[in-house]
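Coordinates from model24.cif are shown below (mmCIF, C-alpha atoms).
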data_model
loop_
_atom_site.group_PDB
_atom_site.id
_atom_site.type_symbol
_atom_site.label_atom_id
_atom_site.label_comp_id
_atom_site.auth_asym_id
_atom_site.auth_seq_id
_atom_site.Cartn_x
_atom_site.Cartn_y
_atom_site.Cartn_z
ATOM 1 C CA MET Q 17 0.000 0.000 0.000
ATOM 2 C CA SER Q 18 1.423 3.390 -0.986
ATOM 3 C CA PRO Q 19 2.047 6.104 1.595
ATOM 4 C CA VAL Q 20 -0.699 8.171 -0.066
ATOM 5 C CA ALA Q 21 -3.292 5.424 0.463
ATOM 6 C CA GLU Q 22 -2.255 5.115 4.094
ATOM 7 C CA THR Q 23 -3.127 8.753 4.757
ATOM 8 C CA GLN Q 24 -5.954 9.330 2.270
ATOM 9 C CA LEU Q 25 -9.217 10.373 3.928
ATOM 10 C CA TRP Q 26 -12.485 8.946 2.567
ATOM 11 C CA ILE Q 27 -15.870 10.582 2.977
ATOM 12 C CA CYS Q 28 -19.297 8.976 3.129
ATOM 13 C CA GLU Q 29 -21.297 10.740 0.430
ATOM 14 C CA LEU Q 30 -24.544 10.153 2.330
ATOM 15 C CA CYS Q 31 -23.834 11.342 5.865
ATOM 16 C CA GLY Q 32 -20.509 13.222 5.870
ATOM 17 C CA TYR Q 33 -18.545 10.764 8.023
ATOM 18 C CA VAL Q 34 -14.836 10.872 7.204
ATOM 19 C CA TYR Q 35 -12.756 7.724 7.495
ATOM 20 C CA ASP Q 36 -9.263 8.592 8.687
ATOM 21 C CA PRO Q 37 -6.752 5.717 8.500
ATOM 22 C CA ALA Q 38 -4.902 7.235 11.442
ATOM 23 C CA GLU Q 39 -7.979 6.679 13.615
ATOM 24 C CA GLY Q 40 -9.485 3.540 12.088
ATOM 25 C CA ASP Q 41 -12.948 2.562 13.315
ATOM 26 C CA ALA Q 42 -12.476 0.854 16.646
ATOM 27 C CA ASP Q 43 -16.118 -0.059 17.204
ATOM 28 C CA GLY Q 44 -16.298 -1.444 13.675
ATOM 29 C CA GLY Q 45 -13.197 -3.542 14.192
ATOM 30 C CA VAL Q 46 -10.865 -1.487 11.988
ATOM 31 C CA LYS Q 47 -7.532 -0.802 13.644
ATOM 32 C CA PRO Q 48 -5.683 2.516 13.280
ATOM 33 C CA GLY Q 49 -3.332 2.512 10.304
ATOM 34 C CA MET Q 50 -5.576 0.573 7.929
ATOM 35 C CA ALA Q 51 -5.971 2.195 4.514
ATOM 36 C CA PHE Q 52 -9.562 2.460 3.289
ATOM 37 C CA GLU Q 53 -8.879 0.083 0.388
ATOM 38 C CA ASP Q 54 -7.850 -2.633 2.843
ATOM 39 C CA ILE Q 55 -11.086 -2.562 4.856
ATOM 40 C CA PRO Q 56 -13.233 -5.628 4.033
ATOM 41 C CA ASP Q 57 -16.219 -5.055 1.753
ATOM 42 C CA GLY Q 58 -18.674 -5.998 4.510
ATOM 43 C CA TRP Q 59 -17.706 -2.962 6.556
ATOM 44 C CA SER Q 60 -20.250 -0.150 6.720
ATOM 45 C CA CYS Q 61 -20.254 3.527 7.577
ATOM 46 C CA PRO Q 62 -20.288 3.819 11.371
ATOM 47 C CA VAL Q 63 -22.606 6.821 11.232
ATOM 48 C CA CYS Q 64 -25.281 5.839 8.695
ATOM 49 C CA GLY Q 65 -24.611 2.223 7.742
ATOM 50 C CA ALA Q 66 -23.811 2.976 4.084
ATOM 51 C CA SER Q 67 -21.573 0.565 2.206
ATOM 52 C CA LYS Q 68 -17.950 1.154 1.174
ATOM 53 C CA ASP Q 69 -19.229 1.986 -2.331
ATOM 54 C CA ASP Q 70 -20.834 5.149 -0.959
ATOM 55 C CA PHE Q 71 -17.433 6.568 0.041
ATOM 56 C CA SER Q 72 -15.148 8.651 -2.111
ATOM 57 C CA PRO Q 73 -11.668 10.060 -1.537
ATOM 58 C CA GLN Q 74 -11.735 13.434 0.178
ATOM 59 C CA ASP Q 75 -10.080 15.944 -2.136
ATOM 60 C CA ASP Q 76 -8.479 18.163 0.498
ATOM 61 C CA ALA Q 77 -6.869 15.301 2.395
ATOM 62 C CA MET K 16 -14.351 12.472 12.201
ATOM 63 C CA ILE K 17 -17.215 14.210 10.480
ATOM 64 C CA SER K 18 -17.416 16.841 7.732
ATOM 65 C CA GLU K 19 -17.526 20.595 8.138
ATOM 66 C CA PRO K 20 -20.882 22.406 7.797
ATOM 67 C CA ARG K 21 -20.158 23.600 4.238
ATOM 68 C CA HIS K 22 -20.098 19.973 3.106
ATOM 69 C CA PHE K 23 -23.647 19.449 4.411
ATOM 70 C CA ALA K 24 -24.899 22.573 2.637
ATOM 71 C CA ALA K 25 -23.524 21.207 -0.654
ATOM 72 C CA LEU K 26 -24.987 17.768 0.072
ATOM 73 C CA ALA K 27 -28.427 19.220 0.770
ATOM 74 C CA ALA K 28 -28.367 21.122 -2.522
ATOM 75 C CA ARG K 29 -27.315 18.021 -4.444
ATOM 76 C CA LEU K 30 -29.955 15.718 -2.965
ATOM 77 C CA ARG K 31 -32.980 17.992 -3.426
ATOM 78 C CA TRP K 32 -36.144 16.340 -4.787
ATOM 79 C CA ASP K 33 -39.794 17.223 -5.379
ATOM 80 C CA ALA K 34 -42.420 15.888 -2.969
ATOM 81 C CA ASP K 35 -45.164 16.638 -5.488
ATOM 82 C CA GLY K 36 -43.348 14.856 -8.287
ATOM 83 C CA ILE K 37 -44.032 11.356 -6.964
ATOM 84 C CA ASP K 38 -47.245 9.877 -8.350
ATOM 85 C CA LEU K 39 -48.925 7.800 -5.643
ATOM 86 C CA SER K 40 -52.130 6.994 -7.544
ATOM 87 C CA ALA K 41 -51.103 3.454 -8.546
ATOM 88 C CA ASP K 42 -50.009 2.778 -4.969
ATOM 89 C CA ARG K 43 -53.434 3.913 -3.775
ATOM 90 C CA ARG K 44 -55.046 1.279 -5.962
ATOM 91 C CA ALA K 45 -52.635 -1.382 -4.732
ATOM 92 C CA TRP K 46 -53.205 -0.370 -1.098
ATOM 93 C CA GLY K 47 -56.653 -1.982 -1.092
ATOM 94 C CA THR K 48 -55.211 -5.323 -2.157
ATOM 95 C CA LEU K 49 -52.741 -5.597 0.738
ATOM 96 C CA GLU K 50 -53.307 -8.153 3.468
ATOM 97 C CA GLN K 51 -55.117 -6.588 6.424
ATOM 98 C CA GLY K 52 -52.338 -7.030 9.005
ATOM 99 C CA ARG K 53 -49.769 -5.514 6.689
ATOM 100 C CA ARG K 54 -52.069 -2.596 5.916
ATOM 101 C CA ARG K 55 -52.568 -2.044 9.637
ATOM 102 C CA ARG K 56 -48.804 -1.947 10.318
ATOM 103 C CA LEU K 57 -48.218 0.384 7.378
ATOM 104 C CA THR K 58 -51.043 2.635 8.566
ATOM 105 C CA VAL K 59 -49.458 3.027 12.007
ATOM 106 C CA LEU K 60 -46.059 3.791 10.483
ATOM 107 C CA LEU K 61 -47.336 6.218 7.855
ATOM 108 C CA ALA K 62 -49.625 8.012 10.312
ATOM 109 C CA GLY K 63 -46.690 8.356 12.685
ATOM 110 C CA PHE K 64 -44.577 9.892 9.938
ATOM 111 C CA CYS K 65 -47.373 12.294 8.946
ATOM 112 C CA VAL K 66 -47.337 13.731 12.462
ATOM 113 C CA ALA K 67 -43.591 13.452 13.077
ATOM 114 C CA GLU K 68 -42.447 15.108 9.858
ATOM 115 C CA TYR K 69 -44.857 17.995 10.355
ATOM 116 C CA GLN K 70 -43.546 18.503 13.882
ATOM 117 C CA VAL K 71 -39.849 18.351 12.994
ATOM 118 C CA ALA K 72 -40.437 20.874 10.194
ATOM 119 C CA GLU K 73 -42.126 23.217 12.666
ATOM 120 C CA GLU K 74 -39.751 22.783 15.584
ATOM 121 C CA LEU K 75 -36.506 23.250 13.649
ATOM 122 C CA THR K 76 -37.122 26.995 13.415
ATOM 123 C CA PRO K 77 -35.238 28.092 16.597
ATOM 124 C CA PHE K 78 -32.138 26.063 15.710
ATOM 125 C CA GLU K 79 -30.958 28.431 12.982
ATOM 126 C CA PRO K 80 -30.711 31.580 15.150
ATOM 127 C CA ALA K 81 -29.093 29.539 17.942
ATOM 128 C CA ALA K 82 -26.259 28.354 15.666
ATOM 129 C CA ARG K 83 -22.784 29.517 16.609
ATOM 130 C CA ASP K 84 -21.719 30.547 13.107
ATOM 131 C CA PRO K 85 -23.275 31.478 9.747
ATOM 132 C CA ALA K 86 -22.172 28.255 8.023
ATOM 133 C CA THR K 87 -23.969 26.111 10.592
ATOM 134 C CA ALA K 88 -27.022 28.375 10.477
ATOM 135 C CA ALA K 89 -27.154 27.936 6.696
ATOM 136 C CA VAL K 90 -27.219 24.155 7.085
ATOM 137 C CA PHE K 91 -30.108 24.363 9.551
ATOM 138 C CA ALA K 92 -31.946 26.437 6.933
ATOM 139 C CA ALA K 93 -31.230 23.789 4.287
ATOM 140 C CA GLN K 94 -32.427 21.090 6.649
ATOM 141 C CA ARG K 95 -35.637 23.007 7.297
ATOM 142 C CA ALA K 96 -36.321 22.941 3.547
ATOM 143 C CA ASP K 97 -35.842 19.152 3.648
ATOM 144 C CA GLU K 98 -38.218 18.783 6.577
ATOM 145 C CA ARG K 99 -40.891 20.852 4.857
ATOM 146 C CA ARG K 100 -40.527 18.641 1.812
ATOM 147 C CA HIS K 101 -40.963 15.550 3.983
ATOM 148 C CA ALA K 102 -44.012 17.080 5.678
ATOM 149 C CA ARG K 103 -45.526 17.829 2.264
ATOM 150 C CA LEU K 104 -44.835 14.291 1.078
ATOM 151 C CA PHE K 105 -46.510 12.719 4.103
ATOM 152 C CA ASP K 106 -49.485 15.043 3.799
ATOM 153 C CA ARG K 107 -49.910 13.638 0.297
ATOM 154 C CA VAL K 108 -49.521 10.120 1.697
ATOM 155 C CA ALA K 109 -52.248 10.918 4.231
ATOM 156 C CA MET K 110 -54.525 12.107 1.449
ATOM 157 C CA VAL K 111 -53.819 9.573 -1.249
ATOM 158 C CA ILE K 112 -52.847 6.385 0.575
ATOM 159 C CA LEU K 113 -54.572 6.686 3.944
ATOM 160 C CA GLY K 114 -57.597 8.497 2.495
ATOM 161 C CA ALA K 115 -57.520 11.267 5.098
ATOM 162 C CA PRO K 116 -60.429 13.666 4.574
ATOM 163 C CA GLY K 117 -60.105 17.409 4.936
ATOM 164 C CA ALA K 118 -59.555 20.487 2.833
ATOM 165 C CA ASP K 119 -56.178 21.347 4.339
ATOM 166 C CA ALA K 120 -53.093 19.714 5.831
ATOM 167 C CA ARG K 121 -54.150 20.530 9.390
ATOM 168 C CA SER K 122 -57.465 18.712 9.172
ATOM 169 C CA ARG K 123 -55.859 15.743 7.430
ATOM 170 C CA ARG K 124 -53.258 15.618 10.206
ATOM 171 C CA GLN K 125 -56.020 15.562 12.797
ATOM 172 C CA PHE K 126 -57.431 12.513 11.055
ATOM 173 C CA VAL K 127 -54.141 10.587 10.974
ATOM 174 C CA ARG K 128 -53.225 11.537 14.560
ATOM 175 C CA ALA K 129 -55.867 9.077 15.703
ATOM 176 C CA LEU K 130 -54.020 6.308 13.822
ATOM 177 C CA ALA K 131 -50.541 7.019 15.239
ATOM 178 C CA PRO K 132 -49.174 5.551 18.494
ATOM 179 C CA ALA K 133 -49.841 7.850 21.464
ATOM 180 C CA PRO K 134 -46.243 7.672 22.792
ATOM 181 C CA LEU K 135 -44.995 8.803 19.385
ATOM 182 C CA LEU K 136 -47.333 11.802 19.470
ATOM 183 C CA ASP K 137 -45.997 12.635 22.918
ATOM 184 C CA LEU K 138 -42.387 12.496 21.713
ATOM 185 C CA PHE K 139 -42.903 14.788 18.746
ATOM 186 C CA GLU K 140 -45.749 17.032 19.832
ATOM 187 C CA HIS K 141 -44.723 17.546 23.456
ATOM 188 C CA GLU K 142 -41.130 16.558 24.178
ATOM 189 C CA LEU K 143 -39.713 18.041 20.970
ATOM 190 C CA ALA K 144 -41.942 21.093 21.248
ATOM 191 C CA ARG K 145 -40.693 21.691 24.806
ATOM 192 C CA ALA K 146 -37.052 21.436 23.679
ATOM 193 C CA ALA K 147 -37.642 23.837 20.778
ATOM 194 C CA SER K 148 -39.406 26.336 23.050
ATOM 195 C CA ALA K 149 -36.519 26.216 25.511
ATOM 196 C CA LEU K 150 -34.028 26.753 22.676
ATOM 197 C CA ALA K 151 -35.979 29.745 21.385
ATOM 198 C CA VAL K 152 -35.387 31.611 24.646
ATOM 199 C CA ASP K 153 -31.971 30.174 25.554
ATOM 200 C CA PRO K 154 -29.470 29.322 22.771
ATOM 201 C CA SER K 155 -27.266 27.521 25.304
ATOM 202 C CA CYS K 156 -29.799 24.657 25.081
ATOM 203 C CA LEU K 157 -28.578 23.869 21.563
ATOM 204 C CA ALA K 158 -26.679 20.691 22.475
ATOM 205 C CA ASP K 159 -29.674 19.272 24.367
ATOM 206 C CA SER K 160 -31.981 20.165 21.498
ATOM 207 C CA ILE K 161 -29.726 18.583 18.869
ATOM 208 C CA SER K 162 -29.375 15.507 21.066
ATOM 209 C CA LEU K 163 -33.121 15.051 21.014
ATOM 210 C CA TYR K 164 -33.883 16.220 17.484
ATOM 211 C CA HIS K 165 -31.005 14.885 15.384
ATOM 212 C CA LEU K 166 -29.631 11.997 17.401
ATOM 213 C CA ILE K 167 -32.691 10.504 19.093
ATOM 214 C CA LEU K 168 -35.693 11.409 16.959
ATOM 215 C CA GLU K 169 -33.988 11.336 13.566
ATOM 216 C CA GLY K 170 -31.131 8.951 14.300
ATOM 217 C CA VAL K 171 -33.187 6.370 16.158
ATOM 218 C CA VAL K 172 -36.973 6.826 15.995
ATOM 219 C CA LEU K 173 -37.415 7.970 12.402
ATOM 220 C CA THR K 174 -34.617 5.771 11.097
ATOM 221 C CA ALA K 175 -36.280 2.724 12.661
ATOM 222 C CA GLY K 176 -39.617 3.764 11.166
ATOM 223 C CA GLU K 177 -38.067 4.153 7.722
ATOM 224 C CA LEU K 178 -36.408 0.751 7.899
ATOM 225 C CA ALA K 179 -39.705 -0.794 8.987
ATOM 226 C CA LEU K 180 -41.524 0.883 6.100
ATOM 227 C CA LEU K 181 -38.887 -0.205 3.597
ATOM 228 C CA SER K 182 -39.126 -3.742 4.919
ATOM 229 C CA GLU K 183 -42.923 -3.754 4.597
ATOM 230 C CA LEU K 184 -42.636 -2.354 1.061
ATOM 231 C CA GLU K 185 -39.775 -4.590 -0.025
ATOM 232 C CA ASP K 186 -41.861 -6.704 -2.400
ATOM 233 C CA GLY K 187 -42.626 -3.722 -4.639
ATOM 234 C CA SER K 188 -46.389 -3.683 -4.034
ATOM 235 C CA LEU K 189 -46.324 0.094 -3.579
ATOM 236 C CA PRO K 190 -43.253 1.089 -5.611
ATOM 237 C CA HIS K 191 -43.727 4.856 -5.627
ATOM 238 C CA LEU K 192 -44.296 5.014 -1.902
ATOM 239 C CA ARG K 193 -41.179 2.931 -1.420
ATOM 240 C CA GLN K 194 -39.215 5.301 -3.648
ATOM 241 C CA ALA K 195 -40.446 8.249 -1.569
ATOM 242 C CA ILE K 196 -39.419 6.587 1.702
ATOM 243 C CA GLU K 197 -35.971 5.869 0.251
ATOM 244 C CA LEU K 198 -35.559 9.567 -0.519
ATOM 245 C CA VAL K 199 -36.606 10.563 2.989
ATOM 246 C CA GLU K 200 -34.263 7.986 4.508
ATOM 247 C CA ARG K 201 -31.393 9.301 2.384
ATOM 248 C CA ASP K 202 -31.989 12.852 3.621
ATOM 249 C CA GLU K 203 -32.125 11.620 7.204
ATOM 250 C CA ARG K 204 -28.582 10.295 6.927
ATOM 251 C CA TRP K 205 -27.036 13.707 6.403
ATOM 252 C CA HIS K 206 -29.272 15.270 9.034
ATOM 253 C CA VAL K 207 -27.842 12.836 11.589
ATOM 254 C CA GLY K 208 -24.300 13.447 10.357
ATOM 255 C CA PHE K 209 -24.840 17.179 10.649
ATOM 256 C CA GLY K 210 -26.217 16.749 14.174
ATOM 257 C CA LEU K 211 -23.040 14.897 15.131
ATOM 258 C CA ARG K 212 -20.924 17.697 13.618
ATOM 259 C CA CYS K 213 -22.799 20.235 15.741
ATOM 260 C CA MET K 214 -22.400 18.123 18.869
ATOM 261 C CA LEU K 215 -18.656 17.881 18.331
ATOM 262 C CA ASP K 216 -18.451 21.658 17.996
ATOM 263 C CA LEU K 217 -20.568 22.194 21.114
ATOM 264 C CA ARG K 218 -18.508 19.764 23.240
ATOM 265 C CA PRO K 219 -21.318 18.352 25.399
ATOM 266 C CA ALA K 220 -20.574 16.913 28.827
ATOM 267 C CA PRO K 221 -19.731 13.161 28.767
ATOM 268 C CA ALA K 222 -22.748 12.451 30.981
ATOM 269 C CA THR K 223 -25.007 14.102 28.396
ATOM 270 C CA VAL K 224 -23.665 11.805 25.690
ATOM 271 C CA ARG K 225 -23.903 8.669 27.845
ATOM 272 C CA ARG K 226 -27.565 9.427 28.522
ATOM 273 C CA LEU K 227 -28.219 9.312 24.775
ATOM 274 C CA LEU K 228 -27.852 5.532 24.746
ATOM 275 C CA ARG K 229 -30.671 4.942 27.201
ATOM 276 C CA ALA K 230 -32.696 7.784 25.692
ATOM 277 C CA GLY K 231 -32.537 6.061 22.317
ATOM 278 C CA GLU K 232 -33.816 2.783 23.743
ATOM 279 C CA LEU K 233 -36.705 4.488 25.492
ATOM 280 C CA ALA K 234 -37.678 6.643 22.525
ATOM 281 C CA LEU K 235 -37.701 3.683 20.173
ATOM 282 C CA GLN K 236 -40.426 2.051 22.260
ATOM 283 C CA ALA K 237 -42.790 4.799 21.072
ATOM 284 C CA TRP K 238 -43.486 2.889 17.851
ATOM 285 C CA GLY K 239 -44.714 -0.172 19.719
ATOM 286 C CA ALA K 240 -44.855 -3.509 17.945
ATOM 287 C CA VAL K 241 -44.542 -2.179 14.377
ATOM 288 C CA ILE K 242 -40.757 -2.162 14.740
ATOM 289 C CA ALA K 243 -39.417 -5.707 14.451
ATOM 290 C CA PRO K 244 -36.785 -6.794 17.011
ATOM 291 C CA GLY K 245 -34.147 -7.082 14.273
ATOM 292 C CA ILE K 246 -34.630 -3.483 13.195
ATOM 293 C CA ARG K 247 -34.719 -2.340 16.821
ATOM 294 C CA SER K 248 -31.356 -3.889 17.651
ATOM 295 C CA ARG K 249 -29.797 -2.769 14.367
ATOM 296 C CA VAL K 250 -30.810 0.856 14.899
ATOM 297 C CA LEU K 251 -29.682 0.944 18.529
ATOM 298 C CA ALA K 252 -26.332 -0.608 17.614
ATOM 299 C CA GLN K 253 -25.843 2.003 14.893
ATOM 300 C CA HIS K 254 -26.794 4.747 17.370
ATOM 301 C CA ARG K 255 -24.043 3.637 19.758
ATOM 302 C CA ARG K 256 -21.554 3.040 16.998
ATOM 303 C CA ARG K 257 -21.905 6.509 15.502
ATOM 304 C CA LEU K 258 -21.380 8.170 18.895
ATOM 305 C CA VAL K 259 -18.159 6.200 19.274
ATOM 306 C CA ALA K 260 -16.991 6.752 15.688
ATOM 307 C CA VAL K 261 -17.020 10.537 15.955
ATOM 308 C CA GLY K 262 -15.436 10.513 19.405
ATOM 309 C CA LEU K 263 -18.434 11.518 21.511
ATOM 310 C CA LEU K 264 -18.263 8.200 23.379
ATOM 311 C CA PRO K 265 -15.124 6.233 24.210
ATOM 312 C CA ALA K 266 -14.452 3.265 21.942
ATOM 313 C CA MET K 267 -15.582 -0.136 23.126
ATOM 314 C CA ARG K 268 -13.501 -3.259 22.717
ATOM 315 C CA GLY K 269 -13.328 -3.783 18.950
ATOM 316 C CA HIS K 270 -14.785 -6.655 16.981
ATOM 317 C CA ASP K 271 -12.873 -8.441 14.282
ATOM 318 C CA VAL K 272 -12.473 -6.475 11.078
ATOM 319 C CA GLY K 273 -15.723 -6.589 9.135
ATOM 320 C CA GLY K 274 -17.635 -7.970 12.105
ATOM 321 C CA ARG K 275 -19.653 -4.802 12.576
ATOM 322 C CA ALA K 276 -22.519 -4.718 15.040
ATOM 323 C CA ALA K 277 -24.974 -2.776 12.910
#
Just give me the structure of the file as structure tokens.
Amino acid sequence: MSPVAETQLWICELCGYVYDPAEGDADGGVKPGMAFEDIPDGWSCPVCGASKDDFSPQDDA
Amino acid sequence: MISEPRHFAALAARLRWDADGIDLSADRRAWGTLEQGRRRRLTVLLAGFCVAEYQVAEELTPFEPAARDPATAAVFAAQRADERRHARLFDRVAMVILGAPGADARSRRQFVRALAPAPLLDLFEHELARAASALAVDPSCLADSISLYHLILEGVVLTAGELALLSELEDGSLPHLRQAIELVERDERWHVGFGLRCMLDLRPAPATVRRLLRAGELALQAWGAVIAPGIRSRVLAQHRRRLVAVGLLPAMRGHDVGGRAA
């Protein structure tokens, strides 16, 4: 995984949640340091439950 | 982490739709063919939404002047437009699907009130109204008001109602009504996200946030038996998870990757 992917923020287009690899998603079982691309497909947005497909890279990351 | 207010303003503009542009006439015809128990459950849910969406549209008014900055105030204004759209949609549902008589929205709402669960009426007509009245005279109540409005009523009660409606409508019997509920549910997602953004900015006391868990459980009971246990547990798990994800609650011991609770 490239250094860019490891720091790239991803935003849920439905609710505004921002996935930050530095934070992970502890309650969703995603440890800090995991790039968004490496999260399993079954993971969902912790705020609204949307799927990974509803996320896009945040431009100003 | 959650987006800045300007993101929500852009999202609201992008997701706009027309409550009068959804033709419910075919669904009205199909309504009469539904099995009686299913029609009864749908009636309770739809009547509840007719009252709830009217109330949230009305009671959002004092939030905008209480906002700490113009960008946040602008998002409250955008949300109010959404809520009015939802109220208009459910007034049409009352007329067309539920057959509510009356020449205006107020008289139709009086008709459907009798079909909605009493605890739900209390939540939206009394508890929310009290919170909005308090906010109108004291802007420092904003965190409490957002807790109730965005996180409990929208994030738990209405979300559970929408999931129940979508489940009842899953077979496509009333396709245009289902499409309308999907649009409302989509709007609700950003409203909840925006509420979380506001809460982060307002830095509520940890005890206030912890109380939200129990408050969500209690509020969800207002629907009664029309919310299936599976939807109930899913919505409450998501409620807890979102509070943790944005840092309002401390993280719990993690599950395995992909083994989400909600």
Interface list for chain Q, partner chain K, 10 Å threshold, all atoms listed in the file, as a PDB file with C-alpha atoms, in the frame of the given file:
ATOM      1  CA  LEU Q  25      -9.217  10.373   3.928  1.00  0.00           C
ATOM      2  CA  ILE Q  27     -15.870  10.582   2.977  1.00  0.00           C
ATOM      3  CA  CYS Q  28     -19.297   8.976   3.129  1.00  0.00           C
ATOM      4  CA  GLU Q  29     -21.297  10.740   0.430  1.00  0.00           C
ATOM      5  CA  LEU Q  30     -24.544  10.153   2.330  1.00  0.00           C
ATOM      6  CA  CYS Q  31     -23.834  11.342   5.865  1.00  0.00           C
ATOM      7  CA  GLY Q  32     -20.509  13.222   5.870  1.00  0.00           C
ATOM      8  CA  TYR Q  33     -18.545  10.764   8.023  1.00  0.00           C
ATOM      9  CA  VAL Q  34     -14.836  10.872   7.204  1.00  0.00           C
ATOM     10  CA  TYR Q  35     -12.756   7.724   7.495  1.00  0.00           C
ATOM     11  CA  ASP Q  36      -9.263   8.592   8.687  1.00  0.00           C
ATOM     12  CA  GLU Q  39      -7.979   6.679  13.615  1.00  0.00           C
ATOM     13  CA  GLY Q  40      -9.485   3.540  12.088  1.00  0.00           C
ATOM     14  CA  ASP Q  41     -12.948   2.562  13.315  1.00  0.00           C
ATOM     15  CA  ALA Q  42     -12.476   0.854  16.646  1.00  0.00           C
ATOM     16  CA  ASP Q  43     -16.118  -0.059  17.204  1.00  0.00           C
ATOM     17  CA  GLY Q  44     -16.298  -1.444  13.675  1.00  0.00           C
ATOM     18  CA  GLY Q  45     -13.197  -3.542  14.192  1.00  0.00           C
ATOM     19  CA  VAL Q  46     -10.865  -1.487  11.988  1.00  0.00           C
ATOM     20  CA  LYS Q  47      -7.532  -0.802  13.644  1.00  0.00           C
ATOM     21  CA  ILE Q  55     -11.086  -2.562   4.856  1.00  0.00           C
ATOM     22  CA  PRO Q  56     -13.233  -5.628   4.033  1.00  0.00           C
ATOM     23  CA  ASP Q  57     -16.219  -5.055   1.753  1.00  0.00           C
ATOM     24  CA  GLY Q  58     -18.674  -5.998   4.510  1.00  0.00           C
ATOM     25  CA  TRP Q  59     -17.706  -2.962   6.556  1.00  0.00           C
ATOM     26  CA  SER Q  60     -20.250  -0.150   6.720  1.00  0.00           C
ATOM     27  CA  CYS Q  61     -20.254   3.527   7.577  1.00  0.00           C
ATOM     28  CA  PRO Q  62     -20.288   3.819  11.371  1.00  0.00           C
ATOM     29  CA  VAL Q  63     -22.606   6.821  11.232  1.00  0.00           C
ATOM     30  CA  CYS Q  64     -25.281   5.839   8.695  1.00  0.00           C
ATOM     31  CA  GLY Q  65     -24.611   2.223   7.742  1.00  0.00           C
ATOM     32  CA  ALA Q  66     -23.811   2.976   4.084  1.00  0.00           C
TER      33      ALA Q  66
END
Quick one: which residues end up in the PyMOL selection byres ((chain Q and resi 73) around 7) for this structure, as a PyMOL selection string? chain Q and resi 24-27+71-72+74-75
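With CA of Ser67 (chain Q) on one side and CA of Val172 (chain K) on the other, the separation reads 21.6 Å.
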If the PyMOL selection byres ((chain K and resi 152-155) around 12) were run on this exact file, what residues would it hold? Put them as number ranges by chain. K: 77-83, 145-151, 156-161, 217-219
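Every residue that the PyMOL selection byres ((chain K and resi 132) around 7) selects in this file is listed here: Val59, Gly63, Leu130, Ala131, Ala133, Pro134, Leu135, Leu136, Ala237 and Trp238 of chain K.
Between CA of Asp97 (chain K) and CA of Gly176 (chain K) the separation is 17.5 Å.
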